[in-house]
Amino acid sequence: MMGFLSGANPVRSWTTGPPATRAESDSEEDDLQTELDENEGSIILSMISQLRVGMDLSRVTFPTFVLEPRSMLERITDFMARPDLIFGAEKCNDPEERFIRVLQYYLAGWHIKPKGVKKPYNPVLGEFYRCKYTYKNDTEGYYIAEQVSHHPPISAYFYISPSNGVMIVGELRPKSRFLGNSVMTAMEGENRVTLLGIDDGEYVITMPNMYGRGILFGKMFLELGDKCDAKNVKHDIVCDLEFKTKGYFSGTYNAIYGKIRRGTADTGEINGKWTSSMSYTNTRTNHKRTLFNAKTDGQNIAPKSVPPLSKQEPLESRKLWSALTKAIEDKDMEAATTSKSAIEDAQREKARKMEEVGKKHVPRFFEQNKQGQWVPKLKIPTDPRRANEAVQKWIFVSPPSA
């Protein structure tokens, strides 16, 4: 989950070990909710008194106690939590089965979140986050994300595991709105998954919207809602997914439903809860199987490694936000506000100077193709060994000279 509301994932510096993730408890409503103390509540109400229903929140500064201590660019890695669910999918002869494997990957990251409602840091222009993963089969995966635009905010990201034949490219363009007692973030953008060992074309997946409830009254909690889809044009397979929000008097939290069709024929359904267990039923055979169970399989996430802070560049996410992160972890809200303001002021000053001289920002790792999609500035070799070498050199190379 990304955008205005978010969750947490482990912090690592070239280390390995089980990541500290969590699946939702049986008491779903209580587990999603959080309460503010008196001072925090007063600050929230003071801020909200300045808002109007429908207002764009992209320029609104939120108090530091609602922040999740990591950047949006790192938050996106939760979508890379289980690419191993796709590993080997190119060996499946059935295109529908390959499609289901991609859906498994997509649905396996939503359960990663903290209790309550948190907002990751808004990345500054040119900020980037990079890491690598080590898998149980002694292979690696690599990830890089960069803030390629600030107004409007656009985060481009790229993941690849050449040895396992999986590549994911995408961009996120969150747009938040104040809705009264809720804040809604429209998660515009898409994930484009490619199986490198087979000519399937791209599997294109969009995002649900996110809702922070209880902003004015009641307890604060997170919901995913509305419709999104997954498509593979090559084989004419589509899955229409709906993340269902709970009604005032009926329904349940965190429900999800999906219908899969190939051409004009319905082939399957998805049911369950994105916080616990989801199943797939083949409607032609009535065979049902579990797609993902966060309660039993939610901890099986490959550890990600990042360079230590001393080796990171100034615009690398954890280095850039390190003072703010420490202040939040120390519960020093005054220091957190000072640190956050310093970064935001520097961002505005940099933008002003660039505008004065008519200079435009040029992203370091990404560029737009003819379709307007953000793609990595990298030609990937077809040989897995050479691809591993090329990707590592590209992501972890020394910074370009000024």
# chains A, B, ... in the order shown; residues from 1 in each chain; ligands from 1

call {"tool": "select_by_dssp", "arguments": {"residues": "segment 104-314 of chain A", "states": "helix (DSSP H, G or I)", "output": "list in words"}}
result
Gln104, Tyr105, Tyr106, Leu107, Pro162, Ser163, Asn164, Ala294, Lys295, Thr296, Asp297, Leu309, Ser310 and Lys311 of chain A

call {"tool": "closest_atom_pairs", "arguments": {"of": "segment 259-313 of chain A", "to": "segment 120-135 of chain A", "cutoff": "6 Å", "atoms": "only C-alpha atoms", "output": "JSON lines"}}
result
{"residue": "A:Ala302", "atom": "CA", "partner": "A:Tyr135", "partner_atom": "CA", "distance": 5.9}
{"residue": "A:Pro303", "atom": "CA", "partner": "A:Tyr133", "partner_atom": "CA", "distance": 5.9}
{"residue": "A:Lys304", "atom": "CA", "partner": "A:Tyr133", "partner_atom": "CA", "distance": 4.6}
{"residue": "A:Ser305", "atom": "CA", "partner": "A:Lys132", "partner_atom": "CA", "distance": 5.3}
{"residue": "A:Val306", "atom": "CA", "partner": "A:Cys131", "partner_atom": "CA", "distance": 4.7}

call {"tool": "write_last_selection", "arguments": {"atoms": "all heavy atoms", "output": "PDB file, in the first residue's frame"}}
result
ATOM      1  N   ALA A 302      11.468 -12.436   1.267  1.00  0.00           N
ATOM      2  CA  ALA A 302      12.925 -12.386   1.121  1.00  0.00           C
ATOM      3  C   ALA A 302      13.461 -11.094   1.727  1.00  0.00           C
ATOM      4  O   ALA A 302      12.894 -10.017   1.521  1.00  0.00           O
ATOM      5  CB  ALA A 302      13.310 -12.469  -0.354  1.00  0.00           C
ATOM      6  N   PRO A 303      14.554 -11.174   2.486  1.00  0.00           N
ATOM      7  CA  PRO A 303      15.131  -9.953   3.065  1.00  0.00           C
ATOM      8  C   PRO A 303      15.721  -9.073   1.983  1.00  0.00           C
ATOM      9  O   PRO A 303      16.287  -9.558   1.002  1.00  0.00           O
ATOM     10  CB  PRO A 303      16.214 -10.493   4.002  1.00  0.00           C
ATOM     11  CG  PRO A 303      16.583 -11.820   3.427  1.00  0.00           C
ATOM     12  CD  PRO A 303      15.315 -12.384   2.842  1.00  0.00           C
ATOM     13  N   LYS A 304      15.555  -7.786   2.153  1.00  0.00           N
ATOM     14  CA  LYS A 304      16.187  -6.852   1.221  1.00  0.00           C
ATOM     15  C   LYS A 304      17.375  -6.184   1.899  1.00  0.00           C
ATOM     16  O   LYS A 304      17.365  -5.956   3.104  1.00  0.00           O
ATOM     17  CB  LYS A 304      15.194  -5.817   0.710  1.00  0.00           C
ATOM     18  CG  LYS A 304      14.625  -4.853   1.722  1.00  0.00           C
ATOM     19  CD  LYS A 304      13.755  -3.821   1.008  1.00  0.00           C
ATOM     20  CE  LYS A 304      13.197  -2.790   1.967  1.00  0.00           C
ATOM     21  NZ  LYS A 304      12.056  -3.292   2.723  1.00  0.00           N
ATOM     22  N   SER A 305      18.400  -5.905   1.123  1.00  0.00           N
ATOM     23  CA  SER A 305      19.627  -5.316   1.643  1.00  0.00           C
ATOM     24  C   SER A 305      19.874  -3.984   0.973  1.00  0.00           C
ATOM     25  O   SER A 305      19.644  -3.829  -0.230  1.00  0.00           O
ATOM     26  CB  SER A 305      20.820  -6.243   1.385  1.00  0.00           C
ATOM     27  OG  SER A 305      20.603  -7.522   1.944  1.00  0.00           O
ATOM     28  N   VAL A 306      20.326  -3.025   1.764  1.00  0.00           N
ATOM     29  CA  VAL A 306      20.674  -1.709   1.234  1.00  0.00           C
ATOM     30  C   VAL A 306      22.080  -1.353   1.718  1.00  0.00           C
ATOM     31  O   VAL A 306      22.543  -1.882   2.736  1.00  0.00           O
ATOM     32  CB  VAL A 306      19.670  -0.625   1.682  1.00  0.00           C
ATOM     33  CG1 VAL A 306      18.270  -0.944   1.193  1.00  0.00           C
ATOM     34  CG2 VAL A 306      19.677  -0.484   3.202  1.00  0.00           C
TER      35      VAL A 306
END

call {"tool": "closest_residue", "arguments": {"among": "A:Val233, A:Ile328, A:Ala255, A:Leu222", "to": "Arg192 of chain A", "atoms": "only C-alpha atoms"}}
result
A:Val233

call {"tool": "atom_distance", "arguments": {"atom1": "atom CA of Lys136 of chain A", "atom2": "atom CA of Asn164 of chain A"}}
result
11.7 Å

call {"tool": "closest_residue", "arguments": {"among": "A:Ala89, A:Ala323, A:Ile100, A:Val391", "to": "Lys340 of chain A", "atoms": "only C-alpha atoms"}}
result
A:Ala323

call {"tool": "residues_around", "arguments": {"residues": "Pro376 of chain A", "least_positions_apart": "4", "cutoff": "12 Å", "atoms": "only C-alpha atoms", "output": "PyMOL selection string"}}
result
chain A and resi 143-146+148+156-160+167-171+363-369+380+391+394-395

call {"tool": "closest_residue", "arguments": {"among": "A:Ile260, A:Ala342, A:Met210, A:Leu85", "to": "Thr281 of chain A", "atoms": "only C-alpha atoms"}}
result
A:Ile260

call {"tool": "atom_distance", "arguments": {"atom1": "atom CA of Thr139 of chain A", "atom2": "atom CA of Ala230 of chain A"}}
result
27.3 Å

call {"tool": "atom_distance", "arguments": {"atom1": "atom CA of Met72 of chain A", "atom2": "atom CA of His361 of chain A"}}
result
19.6 Å

call {"tool": "select_by_dssp", "arguments": {"residues": "segment 45-224 of chain A", "states": "strand (DSSP E)", "output": "PyMOL selection string"}}
result
chain A and resi 67-71+119-121+128-134+140-149+154-161+166-178+182-195+202-205+209-213+221-224

call {"tool": "residues_around", "arguments": {"residues": "Lys331 of chain A", "least_positions_apart": "5", "cutoff": "12 Å", "atoms": "only C-alpha atoms", "output": "PyMOL selection string"}}
result
chain A and resi 64-67+69+324-326+336-337
